[in-house]
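query_5.csv follows (CSV, C-alpha atoms and all ligand atoms):
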chain,number,residue,atom,x,y,z
U,1,MET,CA,0.0,0.0,0.0
U,2,ASN,CA,1.3,3.5,-0.9
U,3,GLU,CA,1.7,5.1,2.5
U,4,ARG,CA,1.7,8.7,1.2
U,5,LEU,CA,-1.7,8.0,-0.5
U,6,VAL,CA,-3.1,6.6,2.7
U,7,GLU,CA,-1.9,9.7,4.6
U,8,GLN,CA,-3.3,12.1,2.1
U,9,VAL,CA,-6.7,10.3,2.0
U,10,THR,CA,-6.8,10.2,5.8
U,11,ALA,CA,-6.2,14.0,5.9
U,12,GLU,CA,-9.0,14.5,3.4
U,13,LEU,CA,-11.4,12.4,5.5
U,14,ASP,CA,-10.4,14.3,8.7
U,15,ALA,CA,-11.2,17.5,6.9
U,16,LEU,CA,-14.7,16.3,6.1
U,17,ARG,CA,-15.2,15.2,9.8
U,18,GLU,CA,-13.9,18.6,11.0
U,19,ALA,CA,-16.3,20.4,8.7
U,20,ARG,CA,-19.0,18.0,10.1
U,21,THR,CA,-19.9,17.0,6.5
U,22,TYR,CA,-18.7,13.4,6.8
U,23,LYS,CA,-21.5,11.1,5.7
U,24,HIS,CA,-22.4,8.0,7.8
U,25,PHE,CA,-24.3,5.1,6.2
U,26,LEU,CA,-27.3,4.1,8.3
U,27,THR,CA,-28.0,0.4,8.3
U,28,LEU,CA,-31.5,-0.8,7.5
U,29,GLU,CA,-32.8,-4.2,8.7
U,30,SER,CA,-36.1,-4.2,6.9
U,31,PRO,CA,-37.4,-3.4,3.4
U,32,GLN,CA,-37.9,0.2,2.3
U,33,GLY,CA,-41.4,1.3,3.3
U,34,PRO,CA,-43.2,4.0,5.3
U,35,VAL,CA,-41.0,2.9,8.2
U,36,VAL,CA,-37.8,0.9,8.4
U,37,GLN,CA,-35.9,-0.8,11.2
U,38,MET,CA,-32.6,1.0,11.6
U,39,THR,CA,-29.7,-0.6,13.4
U,40,GLY,CA,-29.3,0.9,16.8
U,41,ARG,CA,-32.5,3.0,16.5
U,42,GLY,CA,-35.4,0.7,15.9
U,43,GLU,CA,-38.3,1.9,13.9
U,44,VAL,CA,-38.0,5.2,12.1
U,45,ILE,CA,-40.4,6.9,9.6
U,46,VAL,CA,-38.9,7.3,6.2
U,47,LEU,CA,-39.1,10.7,4.6
U,48,SER,CA,-35.9,10.4,2.6
U,49,SER,CA,-36.4,7.7,0.0
U,50,ASN,CA,-37.4,7.9,-3.6
U,51,ASN,CA,-39.9,5.1,-3.1
U,52,TYR,CA,-42.5,7.5,-4.4
U,53,LEU,CA,-45.2,4.9,-5.1
U,54,GLY,CA,-44.3,2.6,-2.3
U,55,LEU,CA,-43.4,-0.2,-4.7
U,56,ALA,CA,-40.0,-1.2,-3.4
U,57,ALA,CA,-41.4,-4.0,-1.3
U,58,HIS,CA,-44.8,-4.4,-3.1
U,59,PRO,CA,-45.6,-8.2,-3.1
U,60,ASP,CA,-46.0,-8.3,-7.0
U,61,VAL,CA,-42.7,-6.5,-7.5
U,62,VAL,CA,-40.9,-8.8,-5.0
U,63,ARG,CA,-42.5,-11.9,-6.5
U,64,ALA,CA,-41.6,-10.9,-10.1
U,65,GLY,CA,-37.9,-10.4,-9.0
U,66,ILE,CA,-37.8,-13.9,-7.4
U,67,GLU,CA,-39.4,-15.5,-10.5
U,68,GLY,CA,-36.8,-13.7,-12.7
U,69,LEU,CA,-34.0,-15.0,-10.5
U,70,GLU,CA,-35.3,-18.5,-10.5
U,71,ARG,CA,-36.0,-18.6,-14.2
U,72,TYR,CA,-32.9,-16.8,-15.6
U,73,GLY,CA,-30.4,-17.0,-12.8
U,74,ALA,CA,-28.3,-14.1,-11.6
U,75,GLY,CA,-27.5,-12.5,-14.9
U,76,THR,CA,-26.1,-12.5,-18.4
U,77,ALA,CA,-22.5,-12.9,-17.2
U,78,SER,CA,-21.4,-10.5,-19.9
U,79,VAL,CA,-22.4,-7.7,-22.1
U,80,ARG,CA,-25.6,-8.1,-24.1
U,81,PHE,CA,-24.1,-8.1,-27.5
U,82,ILE,CA,-21.5,-10.7,-26.5
U,83,CYS,CA,-23.7,-13.0,-24.5
U,84,GLY,CA,-27.3,-12.4,-25.3
U,85,THR,CA,-30.4,-10.7,-23.9
U,86,PHE,CA,-33.1,-12.2,-21.8
U,87,ALA,CA,-36.7,-11.9,-22.8
U,88,PRO,CA,-37.6,-9.7,-19.7
U,89,HIS,CA,-35.1,-7.0,-20.9
U,90,LEU,CA,-37.0,-6.7,-24.2
U,91,GLU,CA,-40.4,-6.7,-22.5
U,92,LEU,CA,-39.2,-4.1,-20.0
U,93,GLU,CA,-37.9,-1.9,-22.9
U,94,ARG,CA,-41.2,-2.2,-24.7
U,95,ALA,CA,-43.0,-1.2,-21.5
U,96,LEU,CA,-40.6,1.8,-20.9
U,97,ALA,CA,-41.1,3.0,-24.5
U,98,GLU,CA,-44.8,2.8,-24.2
U,99,LEU,CA,-44.7,4.6,-20.8
U,100,SER,CA,-42.5,7.4,-22.3
U,101,GLY,CA,-44.5,7.8,-25.5
U,102,THR,CA,-41.5,6.9,-27.6
U,103,ASP,CA,-40.8,4.2,-30.3
U,104,ALA,CA,-38.1,2.4,-28.3
U,105,ALA,CA,-36.1,2.3,-25.1
U,106,LEU,CA,-32.8,0.8,-24.0
U,107,THR,CA,-31.9,-0.2,-20.5
U,108,TYR,CA,-28.7,0.4,-18.5
U,109,VAL,CA,-27.5,-0.7,-15.1
U,110,SER,CA,-28.3,2.9,-13.8
U,111,CYS,CA,-29.6,6.2,-15.0
U,112,TRP,CA,-26.1,7.5,-14.3
U,113,ASN,CA,-25.0,5.1,-17.1
U,114,ALA,CA,-27.9,6.0,-19.3
U,115,ASN,CA,-26.9,9.7,-19.2
U,116,GLU,CA,-23.3,8.9,-19.8
U,117,ALA,CA,-24.4,6.8,-22.7
U,118,VAL,CA,-26.7,9.0,-24.6
U,119,ILE,CA,-25.1,12.5,-24.2
U,120,PRO,CA,-21.6,11.5,-25.5
U,121,THR,CA,-23.1,9.2,-28.2
U,122,LEU,CA,-25.2,12.1,-29.6
U,123,THR,CA,-22.3,14.6,-29.4
U,124,ASP,CA,-20.0,15.0,-32.5
U,125,ALA,CA,-17.1,17.4,-33.0
U,126,GLU,CA,-19.5,20.3,-33.8
U,127,THR,CA,-22.2,19.8,-31.2
U,128,VAL,CA,-23.2,22.5,-28.8
U,129,ILE,CA,-24.6,21.3,-25.5
U,130,LEU,CA,-26.9,23.6,-23.5
U,131,THR,CA,-27.4,22.4,-19.9
U,132,ASP,CA,-29.2,23.8,-16.9
U,133,GLU,CA,-26.8,24.8,-14.1
U,134,LEU,CA,-28.8,22.7,-11.6
U,135,ASN,CA,-28.9,19.5,-13.6
U,136,HIS,CA,-28.0,16.2,-11.9
U,137,ALA,CA,-24.4,15.3,-11.4
U,138,SER,CA,-24.7,12.4,-13.9
U,139,ILE,CA,-25.6,15.0,-16.6
U,140,ILE,CA,-22.7,17.2,-15.6
U,141,ASP,CA,-20.3,14.3,-15.8
U,142,ALA,CA,-21.8,13.1,-19.1
U,143,VAL,CA,-21.4,16.5,-20.7
U,144,ARG,CA,-17.7,16.6,-19.6
U,145,LEU,CA,-17.3,13.1,-21.0
U,146,ALA,CA,-18.9,14.1,-24.3
U,147,ARG,CA,-16.4,16.9,-25.0
U,148,PRO,CA,-18.7,19.0,-27.2
U,149,ALA,CA,-17.4,21.8,-29.4
U,150,SER,CA,-18.8,24.2,-26.8
U,151,LYS,CA,-21.2,24.1,-23.9
U,152,VAL,CA,-23.6,26.7,-22.5
U,153,ILE,CA,-24.4,26.2,-18.8
U,154,TYR,CA,-27.5,28.4,-18.5
U,155,PRO,CA,-28.7,29.8,-15.1
U,156,HIS,CA,-31.4,27.6,-13.6
U,157,SER,CA,-34.5,27.6,-15.8
U,158,ASP,CA,-33.5,30.9,-17.4
U,159,MET,CA,-35.2,30.7,-20.8
U,160,ALA,CA,-33.8,34.0,-22.1
U,161,ALA,CA,-30.2,32.6,-21.5
U,162,LEU,CA,-31.2,29.4,-23.2
U,163,ARG,CA,-32.6,31.3,-26.2
U,164,ASP,CA,-29.4,33.4,-26.4
U,165,GLY,CA,-27.2,30.3,-26.2
U,166,LEU,CA,-29.2,28.7,-29.0
U,167,ALA,CA,-29.1,31.8,-31.2
U,168,ALA,CA,-25.4,32.1,-30.8
U,169,ALA,CA,-24.7,28.4,-31.7
U,170,PRO,CA,-23.5,27.8,-35.3
U,171,ARG,CA,-26.6,27.2,-37.5
U,172,THR,CA,-25.5,23.8,-38.8
U,173,ALA,CA,-24.2,22.4,-35.5
U,174,ARG,CA,-26.2,19.8,-33.6
U,175,LYS,CA,-27.6,21.4,-30.5
U,176,LEU,CA,-28.5,19.3,-27.5
U,177,ILE,CA,-30.6,20.9,-24.7
U,178,VAL,CA,-30.3,18.8,-21.6
U,179,THR,CA,-32.5,19.2,-18.5
U,180,ASP,CA,-33.8,17.4,-15.5
U,181,GLY,CA,-37.6,17.1,-15.6
U,182,VAL,CA,-37.8,17.5,-11.9
U,183,PHE,CA,-34.7,19.1,-10.3
U,184,SER,CA,-33.7,16.8,-7.6
U,185,MET,CA,-32.5,19.2,-5.0
U,186,GLU,CA,-35.1,22.0,-5.6
U,187,GLY,CA,-38.2,19.9,-6.4
U,188,ASP,CA,-39.2,22.3,-9.2
U,189,LEU,CA,-40.0,21.4,-12.8
U,190,ALA,CA,-38.2,22.3,-16.0
U,191,LYS,CA,-40.0,24.8,-18.1
U,192,LEU,CA,-40.6,22.1,-20.7
U,193,PRO,CA,-43.1,23.8,-22.9
U,194,ASP,CA,-40.7,26.8,-23.4
U,195,ILE,CA,-37.8,24.4,-23.9
U,196,VAL,CA,-39.6,22.4,-26.5
U,197,GLU,CA,-40.7,25.6,-28.3
U,198,LEU,CA,-37.2,27.0,-28.3
U,199,ALA,CA,-35.8,23.7,-29.6
U,200,ARG,CA,-38.3,23.7,-32.5
U,201,LYS,CA,-37.4,27.2,-33.4
U,202,HIS,CA,-33.6,26.5,-33.3
U,203,ASP,CA,-33.6,23.0,-34.7
U,204,ALA,CA,-32.3,21.6,-31.3
U,205,VAL,CA,-32.7,18.2,-29.7
U,206,VAL,CA,-34.3,18.0,-26.2
U,207,ILE,CA,-33.0,15.5,-23.6
U,208,VAL,CA,-35.0,15.2,-20.4
U,209,ASP,CA,-33.8,13.2,-17.4
U,210,ASP,CA,-37.1,12.5,-15.7
U,211,SER,CA,-35.8,10.3,-12.8
U,212,HIS,CA,-37.9,12.2,-10.2
U,213,GLY,CA,-40.9,12.8,-12.5
U,214,VAL,CA,-41.8,9.3,-13.6
U,215,GLY,CA,-44.3,7.7,-11.2
U,216,VAL,CA,-44.9,11.2,-9.7
U,217,LEU,CA,-46.2,13.5,-12.3
U,218,GLY,CA,-48.8,13.4,-15.1
U,219,GLU,CA,-52.2,12.0,-15.0
U,220,THR,CA,-51.0,8.4,-15.4
U,221,GLY,CA,-47.5,8.8,-13.8
U,222,ARG,CA,-45.7,9.1,-17.1
U,223,GLY,CA,-43.8,12.0,-15.7
U,224,THR,CA,-43.0,15.6,-16.4
U,225,VAL,CA,-43.5,15.2,-20.1
U,226,GLU,CA,-47.1,13.9,-19.6
U,227,HIS,CA,-47.7,16.6,-17.0
U,228,PHE,CA,-47.1,19.3,-19.7
U,229,GLY,CA,-49.0,17.4,-22.4
U,230,LEU,CA,-45.8,16.8,-24.4
U,231,LEU,CA,-45.7,13.0,-24.8
U,232,GLY,CA,-44.2,12.4,-28.2
U,233,GLU,CA,-42.7,15.9,-28.4
U,234,VAL,CA,-39.4,15.3,-26.5
U,235,ASP,CA,-36.6,13.6,-28.4
U,236,VAL,CA,-34.9,11.7,-25.6
U,237,ILE,CA,-36.1,10.8,-22.1
U,238,THR,CA,-33.8,9.2,-19.6
U,239,GLY,CA,-35.0,7.7,-16.3
U,240,THR,CA,-34.2,5.5,-13.4
U,241,LEU,CA,-35.7,2.2,-12.2
U,242,GLY,CA,-34.2,3.0,-8.8
U,243,LYS,CA,-36.9,5.4,-7.6
U,244,ALA,CA,-40.7,5.1,-8.3
U,245,LEU,CA,-40.4,2.1,-10.6
U,246,GLY,CA,-39.4,-0.5,-8.0
U,247,GLY,CA,-36.5,1.2,-6.4
U,248,ALA,CA,-33.9,-1.5,-7.1
U,249,ALA,CA,-31.5,0.0,-9.7
U,250,GLY,CA,-31.2,0.5,-13.4
U,251,GLY,CA,-31.9,3.2,-15.9
U,252,TYR,CA,-33.1,3.7,-19.5
U,253,VAL,CA,-33.1,5.9,-22.5
U,254,ALA,CA,-36.4,6.2,-24.3
U,255,SER,CA,-36.3,7.7,-27.8
U,256,SER,CA,-36.7,7.0,-31.5
U,257,ALA,CA,-35.9,3.5,-32.7
U,258,ALA,CA,-32.9,4.9,-34.6
U,259,VAL,CA,-31.4,6.6,-31.5
U,260,CYS,CA,-31.8,3.5,-29.4
U,261,ASP,CA,-30.3,1.4,-32.1
U,262,LEU,CA,-27.3,3.7,-32.3
U,263,LEU,CA,-26.9,3.6,-28.5
U,264,ALA,CA,-26.9,-0.2,-28.7
U,265,GLN,CA,-24.2,0.0,-31.3
U,266,ARG,CA,-22.1,2.7,-29.9
U,267,SER,CA,-22.7,3.8,-26.3
U,268,ARG,CA,-19.9,2.6,-24.1
U,269,PRO,CA,-21.9,1.7,-21.0
U,270,GLN,CA,-23.9,-0.6,-23.2
U,271,LEU,CA,-20.9,-2.1,-25.1
U,272,PHE,CA,-18.6,-2.6,-22.1
U,273,SER,CA,-20.9,-3.3,-19.2
U,274,ASN,CA,-23.3,-6.1,-18.2
U,275,ALA,CA,-27.1,-5.9,-18.7
U,276,LEU,CA,-29.5,-5.3,-15.8
U,277,PRO,CA,-29.9,-8.4,-13.7
U,278,PRO,CA,-33.0,-10.2,-14.8
U,279,THR,CA,-34.4,-9.9,-11.2
U,280,VAL,CA,-34.4,-6.1,-11.8
U,281,ALA,CA,-35.8,-6.4,-15.3
U,282,CYS,CA,-38.7,-8.5,-14.0
U,283,SER,CA,-39.3,-6.4,-10.8
U,284,ALA,CA,-39.2,-3.1,-12.7
U,285,LEU,CA,-41.7,-4.5,-15.3
U,286,ALA,CA,-44.0,-5.5,-12.5
U,287,ALA,CA,-43.6,-2.0,-10.9
U,288,ILE,CA,-44.8,-0.4,-14.1
U,289,GLU,CA,-47.7,-2.8,-14.3
U,290,VAL,CA,-48.7,-2.0,-10.7
U,291,MET,CA,-48.4,1.7,-11.3
U,292,LEU,CA,-50.6,1.7,-14.3
U,293,ALA,CA,-53.2,-0.6,-12.7
U,294,ARG,CA,-53.3,1.4,-9.5
U,295,PRO,CA,-53.9,5.1,-10.1
U,296,ASP,CA,-54.9,5.4,-6.5
U,297,LEU,CA,-51.2,5.2,-5.5
U,298,LEU,CA,-50.4,8.3,-7.6
U,299,ALA,CA,-53.4,10.1,-6.1
U,300,LYS,CA,-52.3,9.1,-2.6
U,301,LEU,CA,-48.8,10.4,-3.3
U,302,HIS,CA,-50.2,13.7,-4.3
U,303,GLU,CA,-52.5,13.9,-1.3
U,304,ASN,CA,-49.7,13.1,1.0
U,305,THR,CA,-47.5,15.8,-0.6
U,306,ARG,CA,-50.2,18.4,-0.3
U,307,ARG,CA,-51.0,17.4,3.3
U,308,PHE,CA,-47.4,17.3,4.5
U,309,ARG,CA,-46.6,20.7,2.9
U,310,ALA,CA,-49.6,22.2,4.7
U,311,LEU,CA,-48.6,20.6,8.0
U,312,LEU,CA,-45.0,21.9,7.6
U,313,ALA,CA,-46.4,25.4,7.0
U,314,GLU,CA,-48.6,25.2,10.0
U,315,THR,CA,-45.6,24.2,12.1
U,316,GLY,CA,-43.6,27.2,11.0
U,317,TYR,CA,-41.4,25.7,8.3
U,318,ALA,CA,-41.2,27.3,4.9
U,319,PRO,CA,-40.3,24.7,2.3
U,320,LEU,CA,-39.6,25.6,-1.3
U,321,GLU,CA,-42.6,25.5,-3.6
U,322,GLY,CA,-43.0,22.7,-6.0
U,323,GLU,CA,-45.4,20.3,-7.7
U,324,ALA,CA,-43.4,17.1,-7.4
U,325,ALA,CA,-42.9,14.9,-4.3
U,326,ILE,CA,-39.7,16.6,-3.2
U,327,ILE,CA,-40.1,19.1,-0.3
U,328,PRO,CA,-36.8,20.9,0.4
U,329,ILE,CA,-36.4,23.1,3.5
U,330,ILE,CA,-33.4,25.4,3.3
U,331,VAL,CA,-31.5,25.9,6.5
U,332,GLY,CA,-28.2,27.6,5.3
U,333,GLU,CA,-25.0,26.0,6.3
U,334,THR,CA,-24.1,22.4,5.6
U,335,ALA,CA,-23.3,21.5,9.3
U,336,GLU,CA,-26.7,22.9,10.3
U,337,ALA,CA,-28.6,20.8,7.7
U,338,ILE,CA,-26.8,17.7,9.0
U,339,ALA,CA,-27.5,18.6,12.6
U,340,LEU,CA,-31.2,19.1,11.8
U,341,SER,CA,-31.4,15.7,10.1
U,342,GLN,CA,-29.7,14.2,13.1
U,343,ARG,CA,-32.2,15.8,15.6
U,344,LEU,CA,-35.0,14.5,13.5
U,345,LEU,CA,-33.5,11.1,13.5
U,346,ASP,CA,-33.3,11.2,17.3
U,347,GLU,CA,-37.0,11.9,17.1
U,348,GLY,CA,-37.6,8.8,14.9
U,349,VAL,CA,-37.8,10.5,11.5
U,350,PHE,CA,-35.3,9.7,8.7
U,351,VAL,CA,-34.7,12.8,6.5
U,352,THR,CA,-31.3,13.6,4.9
U,353,GLY,CA,-29.5,16.9,5.1
U,354,PHE,CA,-27.7,18.1,1.9
U,355,GLY,CA,-24.9,20.6,1.8
U,356,TYR,CA,-22.1,21.9,-0.4
U,357,PRO,CA,-21.0,20.6,-3.0
U,358,VAL,CA,-24.3,18.8,-3.7
U,359,VAL,CA,-26.1,22.2,-3.4
U,360,PRO,CA,-24.6,25.7,-3.7
U,361,GLU,CA,-22.8,27.1,-0.6
U,362,GLY,CA,-25.2,28.7,1.9
U,363,THR,CA,-28.2,26.8,0.7
U,364,ALA,CA,-27.9,23.6,2.6
U,365,ARG,CA,-31.2,21.9,3.2
U,366,ILE,CA,-33.0,18.9,4.4
U,367,ARG,CA,-35.0,17.2,1.6
U,368,VAL,CA,-38.3,15.7,2.7
U,369,GLN,CA,-39.7,13.2,0.2
U,370,MET,CA,-43.2,11.9,0.1
U,371,SER,CA,-44.3,8.3,-0.7
U,372,ALA,CA,-47.7,6.7,-1.3
U,373,ALA,CA,-46.6,4.2,1.3
U,374,LEU,CA,-47.0,6.8,4.1
U,375,GLU,CA,-50.3,6.7,6.0
U,376,ASP,CA,-51.9,9.6,7.9
U,377,GLU,CA,-50.5,8.2,11.1
U,378,HIS,CA,-46.9,8.4,9.8
U,379,LEU,CA,-47.4,12.0,8.6
U,380,GLU,CA,-48.9,13.0,12.0
U,381,ARG,CA,-46.0,11.3,13.9
U,382,ALA,CA,-43.5,12.9,11.6
U,383,ILE,CA,-44.9,16.4,11.9
U,384,GLU,CA,-44.9,16.0,15.7
U,385,ALA,CA,-41.2,15.3,15.5
U,386,PHE,CA,-40.7,18.4,13.3
U,387,ARG,CA,-42.6,20.5,15.8
U,388,ARG,CA,-40.5,19.2,18.8
U,389,VAL,CA,-37.3,19.8,17.0
U,390,ARG,CA,-38.3,23.3,16.1
U,391,ARG,CA,-39.4,24.1,19.6
U,392,SER,CA,-36.2,22.8,21.2
U,393,HIS,CA,-34.1,24.7,18.6
U,394,ARG,CA,-36.0,27.9,19.4
U,395,HIS,CA,-35.5,27.4,23.1
U,396,GLY,CA,-31.8,26.6,22.5
U,397,ALA,CA,-31.5,29.8,20.5
U,398,GLU,CA,-33.3,31.9,23.2
U,399,SER,CA,-31.2,30.6,26.0
U,400,HIS,CA,-28.1,31.8,24.1
U,401,GLU,CA,-29.5,35.3,23.7
U,501,LIG,C1,-32.1,13.4,-11.9
U,501,LIG,C2,-31.3,12.2,-11.6
U,501,LIG,N1,-30.7,11.6,-12.7
U,501,LIG,C3,-30.0,10.4,-12.5
U,501,LIG,C4,-29.9,9.8,-11.3
U,501,LIG,C5,-29.1,8.6,-11.1
U,501,LIG,O1,-30.0,7.5,-11.1
U,501,LIG,P1,-29.4,6.0,-10.9
U,501,LIG,O2,-29.4,5.8,-9.4
U,501,LIG,O3,-30.3,5.1,-11.6
U,501,LIG,O4,-28.0,6.0,-11.4
U,501,LIG,C6,-30.5,10.4,-10.2
U,501,LIG,C7,-30.4,9.8,-8.9
U,501,LIG,O5,-30.2,10.3,-7.8
U,501,LIG,C8,-31.2,11.6,-10.4
U,501,LIG,O6,-31.8,12.2,-9.3

Please express what this file holds, its structure, as structure tokens.
Ligand SMILES: Cc1ncc(COP(=O)(O)O)c(C=O)c1O
Amino acid sequence: MNERLVEQVTAELDALREARTYKHFLTLESPQGPVVQMTGRGEVIVLSSNNYLGLAAHPDVVRAGIEGLERYGAGTASVRFICGTFAPHLELERALAELSGTDAALTYVSCWNANEAVIPTLTDAETVILTDELNHASIIDAVRLARPASKVIYPHSDMAALRDGLAAAPRTARKLIVTDGVFSMEGDLAKLPDIVELARKHDAVVIVDDSHGVGVLGETGRGTVEHFGLLGEVDVITGTLGKALGGAAGGYVASSAAVCDLLAQRSRPQLFSNALPPTVACSALAAIEVMLARPDLLAKLHENTRRFRALLAETGYAPLEGEAAIIPIIVGETAEAIALSQRLLDEGVFVTGFGYPVVPEGTARIRVQMSAALEDEHLERAIEAFRRVRRSHRHGAESHE
């Protein structure tokens, strides 16, 4: 072992601890649900997962995964083009295309990979990429990997800046506009109608990562694109299977048959990395089926979100506005956000604090996330915890005055 490396790495870790931004993994002993059993803490209410529709431990989803494992074994043991594809991969891709309102879809082991597949593959030496400053880290890295001729990082949802960037791009260059559908740290939606209109005007391609929109928005849960009535109008949609659609892992690109075919031929995460495990292909397919058959889950998610937002406001918190199931509460400094999430955990509520560099300096926050799995009883217990934490914080502050 290189001792200098170990010393340097240890110093870096010490700096994180000193800044109180070191992350501890909390161990769960039960499936993801409205509550989990946490090692050393017992039962806690979960307000931090992306299990939006509560399908992570749904009996149909679990059974489909087990059947997939029993029928197909653990996996392809190689890349799809080398070693073959299982039928559930194709079925899942058909279902994802149908869900996204596109001709085709192609799966990856994560949405991180899907973004790193599609953005570089569609970028040539002349391409200009226009990307929202608050896009997810996987998009930021994918743009770096793509090495476009130039990139325009426009201020968050600033349509005038996007328009100017498009107008300044060479007329013949391919122009890719890349945006989150729902911004993961803000919970707000991309201005998709404006983006699509600008793209049409400037002959640009629109790529939407809808990881936090699918299963949350739109009349049937098809996501931000459905929410805005734009199914069939967006060139490329990427998404994850690790949130509303079962919560295991996996991602996809949904687009035209030609784009998906090119990705199968050219994208490096497809050519040099294994397929999704069949357990996941089967469980994600079941999750889509449950979502479409049970519109009440989507309605419950919306009702829980509306209700918890109202309860937070009554309790004196002022979360950021938003239509999705992400409810961020800005607290300021990173250490403060971590301390608040720690106090809530002491009160039996699992909410994560996020600070720099995940969010800009000075805007650290806790991010509450709703799920259809939560019952009124959980929301009431959770808001009591928020109330107690707020009261004790105020008393603490007063006693220092
Ligand atoms: C907007 C967005 N895109 C991509 C990802 C990555 O998804 P995956 O876990 O499937 O790699 C996430 C996950 O946090 C996300 O929020």

**Residue contacts of Asp346 (chain U) (10 Å, all atoms listed in the file) excluding same-chain residues fewer than 4 positions away, as a ChimeraX atom specification** = /U:41,44,340-342,350,385,389

**Request:** Mind giving me the straight-line distance from CA of Asp235 (chain U) to CA of Arg266 (chain U) in Å, one decimal?
**Result:** 18.2 Å

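When all atoms listed in the file are used to measure the gap to Ile177 (chain U), the shortest distance among U:Glu226, U:Glu323, U:Glu197, U:Glu18 belongs to U:Glu197.
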
**Asked** By how many Å are CA of Thr102 (chain U) and CA of Arg144 (chain U) apart?
**Response**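 These atoms are spaced 26.9 Å apart.
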
**Message:** 8 Å from ligand LIG 501 (chain U) is the threshold here; counting all atoms listed in the file, which polymer residues fall inside it? Answer as a ChimeraX atom specification.
**Reply:** /U:109-115,135-139,180-184,209-212,238-243,249-251

**Item:** Nearby residues (all atoms listed in the file) at most 6 Å from Leu130 (chain U), same-chain spacing under 2 positions excluded, as an MDAnalysis selection string
**Value:** chainID U and resid 151:153 177

**Distance in Å - CA of Arg367 (chain U) versus CA of Val208 (chain U)** = 22.1 Å

**Request:** Determine the nearest neighbour of Ala372 (chain U) from the options U:Asn304, U:Ser256, U:Thr121, U:Thr334, counting only C-alpha atoms.
**Result:** U:Asn304

**Request:** May I ask which of the residues U:Asp141, U:Glu133, U:Leu53, U:Val214 is the closest one to Val290 (chain U), counting only C-alpha atoms?
**Result:** U:Leu53

**Message:** Considering only C-alpha atoms, can you say which of U:Thr127, U:Ala190, U:Ile140, U:Leu292 comes closest to Asp158 (chain U)?
**Reply:**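 Answer, going by the shortest atom-to-atom distance: U:Ala190.
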
**Asked** For Val234 (chain U), which residue among U:Leu297, U:Gly84, U:Leu145, U:Ser100 is the nearest when counting all atoms listed in the file?
**Response**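 Residue with the minimum atom-to-atom distance to Val234 (chain U): U:Ser100.
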
**Request:** Give me the residues within 8 Å of Val368 (chain U) as a ChimeraX atom specification, counting all atoms listed in the file and dropping any in the same chain fewer than 5 places off.
**Result:** /U:47-48,326-329,351-352

**Request:** For Thr123 (chain U), work out the shell of residues within 12 Å, counting all atoms listed in the file and skipping chain neighbours fewer than 4 positions away, then give it as a list in words.
**Result:**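 Close residues of Thr123 (chain U): Glu116, Ala117, Val118, Ile119, Thr127, Val128, Ile129, Leu130, Ala142, Val143, Arg144, Leu145, Ala146, Arg147, Pro148, Ala149, Ser150, Lys151, Ala173, Arg174, Lys175, Leu176, Ile177, Val178, Val205, Leu263, Arg266 and Ser267 of chain U.
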
Hey, can you spit out that residue selection with C-alpha atoms as a tab-separated table (two decimals), in the coordinates of the input?
chain	number	residue	atom	x	y	z
U	116	GLU	CA	-23.30	8.90	-19.80
U	117	ALA	CA	-24.40	6.80	-22.70
U	118	VAL	CA	-26.70	9.00	-24.60
U	119	ILE	CA	-25.10	12.50	-24.20
U	127	THR	CA	-22.20	19.80	-31.20
U	128	VAL	CA	-23.20	22.50	-28.80
U	129	ILE	CA	-24.60	21.30	-25.50
U	130	LEU	CA	-26.90	23.60	-23.50
U	142	ALA	CA	-21.80	13.10	-19.10
U	143	VAL	CA	-21.40	16.50	-20.70
U	144	ARG	CA	-17.70	16.60	-19.60
U	145	LEU	CA	-17.30	13.10	-21.00
U	146	ALA	CA	-18.90	14.10	-24.30
U	147	ARG	CA	-16.40	16.90	-25.00
U	148	PRO	CA	-18.70	19.00	-27.20
U	149	ALA	CA	-17.40	21.80	-29.40
U	150	SER	CA	-18.80	24.20	-26.80
U	151	LYS	CA	-21.20	24.10	-23.90
U	173	ALA	CA	-24.20	22.40	-35.50
U	174	ARG	CA	-26.20	19.80	-33.60
U	175	LYS	CA	-27.60	21.40	-30.50
U	176	LEU	CA	-28.50	19.30	-27.50
U	177	ILE	CA	-30.60	20.90	-24.70
U	178	VAL	CA	-30.30	18.80	-21.60
U	205	VAL	CA	-32.70	18.20	-29.70
U	263	LEU	CA	-26.90	3.60	-28.50
U	266	ARG	CA	-22.10	2.70	-29.90
U	267	SER	CA	-22.70	3.80	-26.30

**Request:** Can you pull out every residue within 9 Å of Arg222 (chain U), counting all atoms listed in the file, but drop anything in the same chain fewer than 3 positions away, and send it as a list in words?
**Result:**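 The contact residues come out as Leu99, Ser100, Gly101, Gly213, Val214, Gly215, Val216, Leu217, Gly218, Glu219, Val225, Glu226, His227 and Leu231 of chain U.
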
**Request:** Identify which of the residues U:Ala257, U:Leu374, U:Val359, U:Leu345 lies closest to Met38 (chain U), counting all atoms listed in the file when measuring atom-to-atom distances.
**Result:** U:Leu345

**Message:** Within 9 Å of (-46.8, 5.3, -0.6) in the file's own coordinates, which protein, DNA or RNA residues have an atom, counting all atoms listed in the file? List them as an MDAnalysis selection string.
**Reply:** chainID U and resid 33:34 51:55 297:298 300:301 304 370:375
